[in-house]
$ cat entry-v9.cif   # mmCIF, C-alpha atoms
data_query
loop_
_atom_site.label_atom_id
_atom_site.label_comp_id
_atom_site.auth_asym_id
_atom_site.auth_seq_id
_atom_site.Cartn_x
_atom_site.Cartn_y
_atom_site.Cartn_z
CA MET X 1 130.65 123.09 11.70
CA GLU X 2 127.15 123.30 13.08
CA THR X 3 125.07 120.13 13.13
CA ASP X 4 121.43 120.05 12.03
CA TYR X 5 120.45 119.63 15.67
CA GLU X 6 122.38 122.74 16.74
CA LEU X 7 121.15 124.73 13.76
CA PHE X 8 117.54 123.85 14.56
CA TRP X 9 117.83 124.95 18.18
CA ASN X 10 119.63 128.16 17.23
CA LEU X 11 116.77 128.97 14.86
CA VAL X 12 114.23 128.09 17.55
CA GLU X 13 115.94 130.44 19.96
CA SER X 14 115.88 133.27 17.43
CA GLU X 15 112.19 132.78 16.60
CA ARG X 16 110.63 131.67 19.87
CA HIS X 17 109.36 135.13 20.83
CA ASN X 18 107.69 135.58 17.45
CA LEU X 19 106.03 132.19 17.65
CA TRP X 20 104.96 132.86 21.23
CA ARG X 21 103.18 136.03 20.14
CA LEU X 22 101.47 134.07 17.38
CA ALA X 23 100.41 131.29 19.75
CA ARG X 24 99.03 133.77 22.31
CA GLY X 25 97.15 135.63 19.60
CA LEU X 26 95.57 132.50 18.16
CA THR X 27 94.64 130.76 21.40
CA ARG X 28 92.34 131.71 24.23
CA SER X 29 94.60 130.98 27.17
CA TYR X 30 98.16 130.84 28.34
CA ASP X 31 98.01 127.05 28.70
CA GLU X 32 96.67 126.54 25.17
CA ALA X 33 99.48 128.75 23.85
CA CYS X 34 102.06 126.67 25.74
CA ASP X 35 100.62 123.47 24.29
CA LEU X 36 100.59 124.93 20.79
CA MET X 37 104.20 126.05 21.14
CA SER X 38 105.32 122.63 22.34
CA ASP X 39 103.51 120.80 19.57
CA THR X 40 104.83 123.26 17.00
CA TRP X 41 108.47 122.73 18.03
CA VAL X 42 108.06 118.94 18.02
CA THR X 43 106.51 119.01 14.55
CA ALA X 44 109.09 121.50 13.29
CA TYR X 45 111.92 119.33 14.59
CA ARG X 46 110.53 116.29 12.81
CA SER X 47 110.05 118.24 9.57
CA PHE X 48 113.28 120.24 9.78
CA PRO X 49 115.21 118.06 7.30
CA LYS X 50 112.61 119.02 4.66
CA LEU X 51 113.32 122.74 5.10
CA ARG X 52 115.53 123.85 2.22
CA ASP X 53 116.21 127.45 3.19
CA THR X 54 116.75 128.25 6.87
CA SER X 55 116.06 131.93 6.21
CA SER X 56 112.37 131.01 5.92
CA PHE X 57 112.30 129.29 9.32
CA ARG X 58 109.89 131.86 10.79
CA ALA X 59 107.32 131.21 8.07
CA PHE X 60 107.97 127.46 8.36
CA ALA X 61 107.29 127.45 12.12
CA SER X 62 104.34 129.85 11.79
CA MET X 63 102.73 127.66 9.15
CA ILE X 64 103.06 124.64 11.42
CA ALA X 65 101.53 126.54 14.35
CA VAL X 66 98.61 127.80 12.27
CA ARG X 67 97.89 124.33 10.88
CA LEU X 68 98.05 122.73 14.31
CA HIS X 69 95.74 125.41 15.68
CA ARG X 70 93.25 124.87 12.84
CA ARG X 71 93.31 121.13 13.44
CA ARG X 72 92.67 121.65 17.16
CA ARG X 73 89.74 123.96 16.46
CA TRP X 74 88.28 121.48 14.01
CA ARG X 75 88.61 118.65 16.55
CA ALA X 76 87.13 120.81 19.32
CA ARG X 77 83.93 121.14 17.30
CA LEU X 78 83.56 117.37 17.45
CA PHE X 79 83.45 117.29 21.24
CA VAL X 80 81.05 118.94 23.69
CA PRO X 81 82.82 120.92 26.42
CA LEU X 82 82.15 119.65 29.94
CA SER X 83 81.73 123.14 31.37
CA GLU X 84 82.04 126.76 30.54
CA ALA X 85 84.85 126.97 33.10
CA ASN X 86 87.27 126.32 30.25
CA GLU X 87 86.75 129.88 29.05
CA SER X 88 89.89 131.59 30.21
CA SER X 89 90.96 135.10 30.73
CA TYR X 90 94.23 136.68 29.75
CA GLU X 91 96.63 137.57 32.52
CA LEU X 92 97.23 141.27 31.97
CA SER X 93 99.69 143.37 33.91
CA SER X 94 99.58 146.70 32.12
CA GLU X 95 97.73 149.91 32.95
CA SER X 96 96.21 149.48 29.50
CA SER X 97 94.88 146.07 30.44
CA HIS X 98 91.28 147.09 29.80
CA ASP X 99 92.00 148.15 26.22
CA LEU X 100 94.11 145.06 25.63
CA GLY X 101 91.43 142.83 27.14
CA VAL X 102 88.81 144.37 24.85
CA LEU X 103 91.07 143.84 21.84
CA LEU X 104 91.78 140.20 22.75
CA THR X 105 88.09 139.52 23.27
CA ALA X 106 87.35 141.09 19.89
CA LEU X 107 90.13 139.01 18.28
CA ASN X 108 88.50 135.85 19.60
CA ARG X 109 85.19 136.89 18.02
CA LEU X 110 86.73 137.37 14.55
CA PRO X 111 86.34 134.61 11.98
CA LEU X 112 89.28 132.20 12.18
CA ARG X 113 90.99 133.19 8.90
CA GLU X 114 90.74 136.92 9.66
CA ARG X 115 92.10 136.37 13.17
CA GLU X 116 95.00 134.33 11.79
CA ALA X 117 95.85 137.03 9.26
CA ILE X 118 95.74 139.92 11.75
CA VAL X 119 97.72 138.02 14.41
CA LEU X 120 100.33 136.89 11.88
CA PHE X 121 100.74 140.44 10.58
CA GLU X 122 100.23 142.73 13.59
CA ILE X 123 101.44 140.65 16.51
CA THR X 124 103.90 138.20 14.97
CA GLY X 125 105.24 140.65 12.40
CA LEU X 126 105.23 138.38 9.36
CA SER X 127 105.25 139.94 5.91
CA LEU X 128 102.28 139.81 3.54
CA LYS X 129 104.17 137.29 1.36
CA GLU X 130 104.81 135.01 4.33
CA ILE X 131 101.15 135.19 5.37
CA GLN X 132 100.18 134.43 1.77
CA SER X 133 102.20 131.21 1.83
CA ILE X 134 100.88 130.23 5.27
CA GLN X 135 97.23 130.83 4.44
CA GLY X 136 97.50 129.58 0.86
CA ILE X 137 95.69 132.51 -0.74
CA THR X 138 96.58 135.37 -3.05
CA LEU X 139 98.33 138.52 -1.88
CA SER X 140 95.19 140.55 -2.49
CA GLY X 141 93.28 137.96 -0.44
CA VAL X 142 95.65 138.55 2.49
CA LYS X 143 95.19 142.30 2.17
CA SER X 144 91.41 141.90 2.05
CA ARG X 145 91.41 139.72 5.16
CA LEU X 146 93.57 142.23 7.01
CA ALA X 147 91.31 145.12 5.98
CA ARG X 148 88.16 143.20 7.01
CA ALA X 149 89.75 142.16 10.31
CA ARG X 150 90.77 145.74 11.11
CA ARG X 151 87.32 147.06 10.23
CA ASN X 152 85.62 144.39 12.36
CA LEU X 153 88.01 145.01 15.26
CA ARG X 154 87.38 148.76 15.13
CA THR X 155 83.63 148.13 15.27
CA MET X 156 83.85 145.61 18.12
CA VAL X 157 86.26 147.76 20.15
CA ALA X 158 84.07 150.84 19.61
CA ASP X 159 80.99 148.89 20.73
CA ALA X 160 82.80 147.69 23.86
CA ASN X 161 84.17 151.19 24.63
CA PRO X 162 81.38 153.72 24.25
CA ASP X 163 83.69 156.35 25.74
CA ALA X 164 86.29 156.05 22.96
CA SER X 165 88.07 159.23 24.04
CA GLU X 166 89.71 157.30 26.91
CA SER X 167 90.74 154.21 24.95
CA LEU X 168 93.89 153.75 22.90
CA PRO X 169 93.82 153.43 19.10
CA ILE X 170 94.00 149.84 17.86
CA PRO X 171 97.59 150.11 16.46
CA GLU X 172 98.81 151.16 19.92
CA ILE X 173 96.90 148.30 21.53
CA PHE X 174 98.64 145.90 19.12
CA ASP X 175 101.97 147.36 20.26
CA ILE X 176 100.98 146.62 23.87
CA ALA X 177 99.89 143.10 22.85
CA ARG X 178 103.27 142.44 21.22
CA ILE X 179 105.07 143.52 24.39
CA GLN X 180 102.66 141.69 26.71
CA PHE X 181 102.90 138.42 24.79
CA GLN X 182 106.70 138.74 24.66
CA GLN X 183 106.89 139.00 28.46
CA GLN X 184 104.76 135.95 29.23
#

$ encode --input "entry-v9.cif" --output "C-alpha coordinates"
Amino acid sequence: METDYELFWNLVESERHNLWRLARGLTRSYDEACDLMSDTWVTAYRSFPKLRDTSSFRAFASMIAVRLHRRRRWRARLFVPLSEANESSYELSSESSHDLGVLLTALNRLPLREREAIVLFEITGLSLKEIQSIQGITLSGVKSRLARARRNLRTMVADANPDASESLPIPEIFDIARIQFQQQ
(Lines of atoms letter the chains of each structure in order from A and count residues from 1; the text may use other names and numbers.)
(Lines give C-alpha, C1' and ligand atoms only; values in the text may rest on other atoms or scores of the structure.)
Protein backbone atom coordinates (compact mmCIF):
# COMPACT_ATOMS: atom_id res chain seq x y z
CA MET A 1 0.00 0.00 0.00
CA GLU A 2 1.25 3.42 -0.96
CA THR A 3 1.80 5.96 1.81
CA ASP A 4 0.66 9.57 1.54
CA TYR A 5 4.29 10.58 1.16
CA GLU A 6 4.84 8.21 -1.76
CA LEU A 7 1.53 9.14 -3.36
CA PHE A 8 2.40 12.84 -3.17
CA TRP A 9 5.78 12.37 -4.84
CA ASN A 10 4.32 10.12 -7.53
CA LEU A 11 1.79 12.84 -8.32
CA VAL A 12 4.54 15.47 -8.31
CA GLU A 13 6.54 13.41 -10.77
CA SER A 14 3.55 13.06 -13.09
CA GLU A 15 2.74 16.79 -13.02
CA ARG A 16 6.12 18.48 -12.73
CA HIS A 17 6.43 19.22 -16.46
CA ASN A 18 2.99 20.82 -16.55
CA LEU A 19 3.75 22.97 -13.53
CA TRP A 20 7.13 23.91 -14.97
CA ARG A 21 5.46 25.20 -18.12
CA LEU A 22 3.05 27.20 -15.98
CA ALA A 23 5.85 28.65 -13.85
CA ARG A 24 7.91 29.63 -16.92
CA GLY A 25 4.87 31.22 -18.52
CA LEU A 26 3.97 33.26 -15.46
CA THR A 27 7.44 34.43 -14.47
CA ARG A 28 10.01 36.54 -16.23
CA SER A 29 13.08 34.41 -15.70
CA TYR A 30 14.33 30.89 -15.25
CA ASP A 31 15.34 31.61 -11.64
CA GLU A 32 11.93 33.03 -10.73
CA ALA A 33 10.31 29.93 -12.23
CA CYS A 34 12.58 27.67 -10.16
CA ASP A 35 11.68 29.58 -7.00
CA LEU A 36 7.98 29.41 -7.82
CA MET A 37 8.21 25.67 -8.43
CA SER A 38 10.01 25.07 -5.15
CA ASP A 39 7.56 27.14 -3.15
CA THR A 40 4.63 25.48 -4.90
CA TRP A 41 5.81 21.96 -4.03
CA VAL A 42 6.46 22.92 -0.40
CA THR A 43 3.00 24.47 -0.08
CA ALA A 44 1.38 21.55 -1.91
CA TYR A 45 3.09 19.07 0.39
CA ARG A 46 1.84 20.90 3.46
CA SER A 47 -1.70 21.10 2.06
CA PHE A 48 -1.77 17.61 0.55
CA PRO A 49 -3.79 16.04 3.39
CA LYS A 50 -6.61 18.48 2.54
CA LEU A 51 -6.81 17.22 -1.05
CA ARG A 52 -9.79 14.88 -1.31
CA ASP A 53 -9.44 13.67 -4.88
CA THR A 54 -5.96 13.00 -6.23
CA SER A 55 -7.26 13.14 -9.80
CA SER A 56 -7.47 16.93 -9.39
CA PHE A 57 -3.82 17.23 -8.32
CA ARG A 58 -2.87 19.23 -11.44
CA ALA A 59 -5.49 21.88 -10.70
CA PHE A 60 -4.53 21.80 -7.01
CA ALA A 61 -0.85 22.45 -7.76
CA SER A 62 -1.66 25.01 -10.47
CA MET A 63 -3.91 26.94 -8.12
CA ILE A 64 -1.14 27.06 -5.52
CA ALA A 65 1.38 28.27 -8.11
CA VAL A 66 -0.95 30.98 -9.41
CA ARG A 67 -1.73 32.21 -5.89
CA LEU A 68 1.93 32.27 -4.91
CA HIS A 69 2.76 34.16 -8.10
CA ARG A 70 0.00 36.71 -7.44
CA ARG A 71 1.25 37.21 -3.90
CA ARG A 72 4.81 37.75 -5.15
CA ARG A 73 3.65 40.30 -7.71
CA TRP A 74 1.65 42.13 -5.08
CA ARG A 75 4.64 42.21 -2.72
CA ALA A 76 6.95 43.34 -5.53
CA ARG A 77 4.85 46.46 -5.97
CA LEU A 78 5.64 47.39 -2.37
CA PHE A 79 9.39 47.50 -2.98
CA VAL A 80 11.45 49.60 -5.36
CA PRO A 81 13.83 47.55 -7.51
CA LEU A 82 17.51 48.38 -6.99
CA SER A 83 18.30 48.28 -10.70
CA GLU A 84 16.86 47.43 -14.04
CA ALA A 85 19.40 44.61 -14.27
CA ASN A 86 16.77 42.33 -12.78
CA GLU A 87 14.96 42.32 -16.12
CA SER A 88 15.86 38.95 -17.52
CA SER A 89 15.79 37.37 -20.88
CA TYR A 90 14.62 33.91 -21.76
CA GLU A 91 17.24 31.39 -22.76
CA LEU A 92 16.07 30.25 -26.17
CA SER A 93 17.67 27.49 -28.20
CA SER A 94 15.32 27.12 -31.14
CA GLU A 95 15.54 28.47 -34.68
CA SER A 96 12.19 30.05 -33.89
CA SER A 97 13.68 31.86 -30.93
CA HIS A 98 12.79 35.28 -32.33
CA ASP A 99 9.10 34.42 -32.63
CA LEU A 100 9.10 32.80 -29.22
CA GLY A 101 10.92 35.77 -27.70
CA VAL A 102 8.34 38.15 -29.19
CA LEU A 103 5.51 36.01 -27.80
CA LEU A 104 7.06 35.84 -24.32
CA THR A 105 7.62 39.59 -24.29
CA ALA A 106 4.00 40.10 -25.34
CA LEU A 107 2.84 37.67 -22.63
CA ASN A 108 4.65 39.75 -20.01
CA ARG A 109 2.84 42.87 -21.24
CA LEU A 110 -0.62 41.29 -20.87
CA PRO A 111 -2.69 42.10 -17.79
CA LEU A 112 -2.00 39.55 -15.05
CA ARG A 113 -5.37 37.73 -15.18
CA GLU A 114 -5.27 37.42 -18.98
CA ARG A 115 -1.69 36.14 -18.87
CA GLU A 116 -2.64 33.58 -16.21
CA ALA A 117 -5.58 32.35 -18.27
CA ILE A 118 -3.64 32.02 -21.54
CA VAL A 119 -0.65 30.33 -19.86
CA LEU A 120 -2.88 27.92 -17.94
CA PHE A 121 -4.77 27.00 -21.10
CA GLU A 122 -2.21 27.16 -23.93
CA ILE A 123 1.05 26.25 -22.24
CA THR A 124 0.01 24.18 -19.22
CA GLY A 125 -2.91 22.51 -20.96
CA LEU A 126 -5.51 22.87 -18.22
CA SER A 127 -9.18 22.63 -19.13
CA LEU A 128 -11.56 25.60 -19.03
CA LYS A 129 -13.22 24.12 -15.92
CA GLU A 130 -9.89 23.81 -14.12
CA ILE A 131 -8.98 27.40 -15.01
CA GLN A 132 -12.41 28.49 -13.78
CA SER A 133 -11.74 26.97 -10.37
CA ILE A 134 -8.21 28.41 -10.21
CA GLN A 135 -9.22 31.93 -11.18
CA GLY A 136 -12.51 31.87 -9.31
CA ILE A 137 -14.64 33.23 -12.15
CA THR A 138 -17.39 31.93 -14.39
CA LEU A 139 -16.75 29.72 -17.40
CA SER A 140 -17.78 32.54 -19.73
CA GLY A 141 -15.34 34.80 -17.85
CA VAL A 142 -12.51 32.36 -18.59
CA LYS A 143 -13.49 32.25 -22.26
CA SER A 144 -13.62 36.05 -22.40
CA ARG A 145 -10.18 36.36 -20.83
CA LEU A 146 -8.75 33.85 -23.27
CA ALA A 147 -10.31 35.65 -26.24
CA ARG A 148 -9.03 39.05 -25.02
CA ALA A 149 -5.57 37.62 -24.35
CA ARG A 150 -5.38 36.06 -27.83
CA ARG A 151 -6.56 39.29 -29.46
CA ASN A 152 -4.03 41.36 -27.48
CA LEU A 153 -1.23 38.89 -28.25
CA ARG A 154 -2.02 38.96 -31.97
CA THR A 155 -1.86 42.76 -31.92
CA MET A 156 1.40 42.90 -29.94
CA VAL A 157 3.07 40.19 -32.04
CA ALA A 158 1.96 41.90 -35.26
CA ASP A 159 3.33 45.22 -34.01
CA ALA A 160 6.66 43.60 -33.13
CA ASN A 161 6.84 41.72 -36.46
CA PRO A 162 5.96 44.11 -39.27
CA ASP A 163 7.02 41.42 -41.76
CA ALA A 164 4.39 38.92 -40.59
CA SER A 165 4.94 36.68 -43.61
CA GLU A 166 8.14 35.33 -42.00
CA SER A 167 6.77 34.77 -38.49
CA LEU A 168 4.90 31.74 -37.22
CA PRO A 169 1.22 31.87 -36.26
CA ILE A 170 0.62 32.23 -32.52
CA PRO A 171 -0.73 28.65 -32.01
CA GLU A 172 2.52 27.27 -33.46
CA ILE A 173 4.56 29.58 -31.24
CA PHE A 174 2.65 28.23 -28.22
CA ASP A 175 3.58 24.72 -29.35
CA ILE A 176 7.24 25.78 -29.41
CA ALA A 177 6.83 27.39 -25.97
CA ARG A 178 5.41 24.15 -24.54
CA ILE A 179 8.38 22.20 -25.88
CA GLN A 180 10.94 24.84 -24.86
CA PHE A 181 9.62 25.09 -21.31
CA GLN A 182 9.52 21.30 -21.04
CA GLN A 183 13.22 21.06 -21.93
CA GLN A 184 14.46 23.61 -19.41

$ resolve_selection --input "entry-v9.cif" --expression "the PyMOL selection byres ((chain X and resi 120) around 9)" --output "list in words"
Arg21, Leu22, Gly25, Ser62, Arg115, Glu116, Ala117, Ile118, Val119, Phe121, Glu122, Ile123, Thr124, Gly125, Leu126, Ser127, Glu130 and Ile131 of chain X

$ write_last_selection --input "entry-v9.cif" --atoms "C-alpha atoms" --output "PDB file, in the frame of the given file"
ATOM      1  CA  ARG X  21     103.180 136.030  20.140  1.00  0.00           C
ATOM      2  CA  LEU X  22     101.470 134.070  17.380  1.00  0.00           C
ATOM      3  CA  GLY X  25      97.150 135.630  19.600  1.00  0.00           C
ATOM      4  CA  SER X  62     104.340 129.850  11.790  1.00  0.00           C
ATOM      5  CA  ARG X 115      92.100 136.370  13.170  1.00  0.00           C
ATOM      6  CA  GLU X 116      95.000 134.330  11.790  1.00  0.00           C
ATOM      7  CA  ALA X 117      95.850 137.030   9.260  1.00  0.00           C
ATOM      8  CA  ILE X 118      95.740 139.920  11.750  1.00  0.00           C
ATOM      9  CA  VAL X 119      97.720 138.020  14.410  1.00  0.00           C
ATOM     10  CA  PHE X 121     100.740 140.440  10.580  1.00  0.00           C
ATOM     11  CA  GLU X 122     100.230 142.730  13.590  1.00  0.00           C
ATOM     12  CA  ILE X 123     101.440 140.650  16.510  1.00  0.00           C
ATOM     13  CA  THR X 124     103.900 138.200  14.970  1.00  0.00           C
ATOM     14  CA  GLY X 125     105.240 140.650  12.400  1.00  0.00           C
ATOM     15  CA  LEU X 126     105.230 138.380   9.360  1.00  0.00           C
ATOM     16  CA  SER X 127     105.250 139.940   5.910  1.00  0.00           C
ATOM     17  CA  GLU X 130     104.810 135.010   4.330  1.00  0.00           C
ATOM     18  CA  ILE X 131     101.150 135.190   5.370  1.00  0.00           C
TER      19      ILE X 131
END

$ resolve_selection --input "entry-v9.cif" --expression "the PyMOL selection byres ((chain X and resi 150) around 10)" --output "VMD selection string"
chain X and resid 107 110 114 to 115 118 144 to 149 151 to 156 170 to 171

$ atom_distance --input "entry-v9.cif" --atom1 "CA of Ala76 (chain X)" --atom2 "CA of Arg28 (chain X)"
13.0 Å

$ closest_residue --input "entry-v9.cif" --among "X:Leu104, X:Val42, X:Leu139, X:Val12" --to "Leu68 (chain X)" --atoms "all atoms listed in the file"
X:Val42

$ atom_distance --input "entry-v9.cif" --atom1 "CA of Gly136 (chain X)" --atom2 "CA of Asn10 (chain X)"
27.6 Å

$ resolve_selection --input "entry-v9.cif" --expression "the PyMOL selection byres ((chain X and resi 72) around 12)" --output "list in words"
Leu26, Thr27, Glu32, Ala33, Asp35, Leu36, Asp39, Ala65, Val66, Arg67, Leu68, His69, Arg70, Arg71, Arg73, Trp74, Arg75, Ala76, Arg77, Leu78 and Phe79 of chain X

$ closest_residue --input "entry-v9.cif" --among "X:Ser140, X:Tyr5, X:Val157, X:Pro49" --to "Arg109 (chain X)" --atoms "all atoms listed in the file"
X:Val157

$ axis_aligned_box --input "entry-v9.cif" --around "region 49-56 of chain X" --padding-each-side "8 Å" --output "AutoDock Vina command-line options"
--center_x 114.6 --center_y 125.0 --center_z 4.8 --size_x 20.4 --size_y 29.9 --size_z 21.1

$ atom_distance --input "entry-v9.cif" --atom1 "CA of Met63 (chain X)" --atom2 "CA of Leu19 (chain X)"
10.2 Å

$ closest_residue --input "entry-v9.cif" --among "X:Asp31, X:Asp4, X:Glu15, X:Asp99" --to "Leu51 (chain X)" --atoms "only C-alpha atoms"
X:Asp4

$ closest_residue --input "entry-v9.cif" --among "X:Asn108, X:Ser55, X:Thr43, X:Thr3" --to "Ser29 (chain X)" --atoms "all atoms listed in the file"
X:Asn108
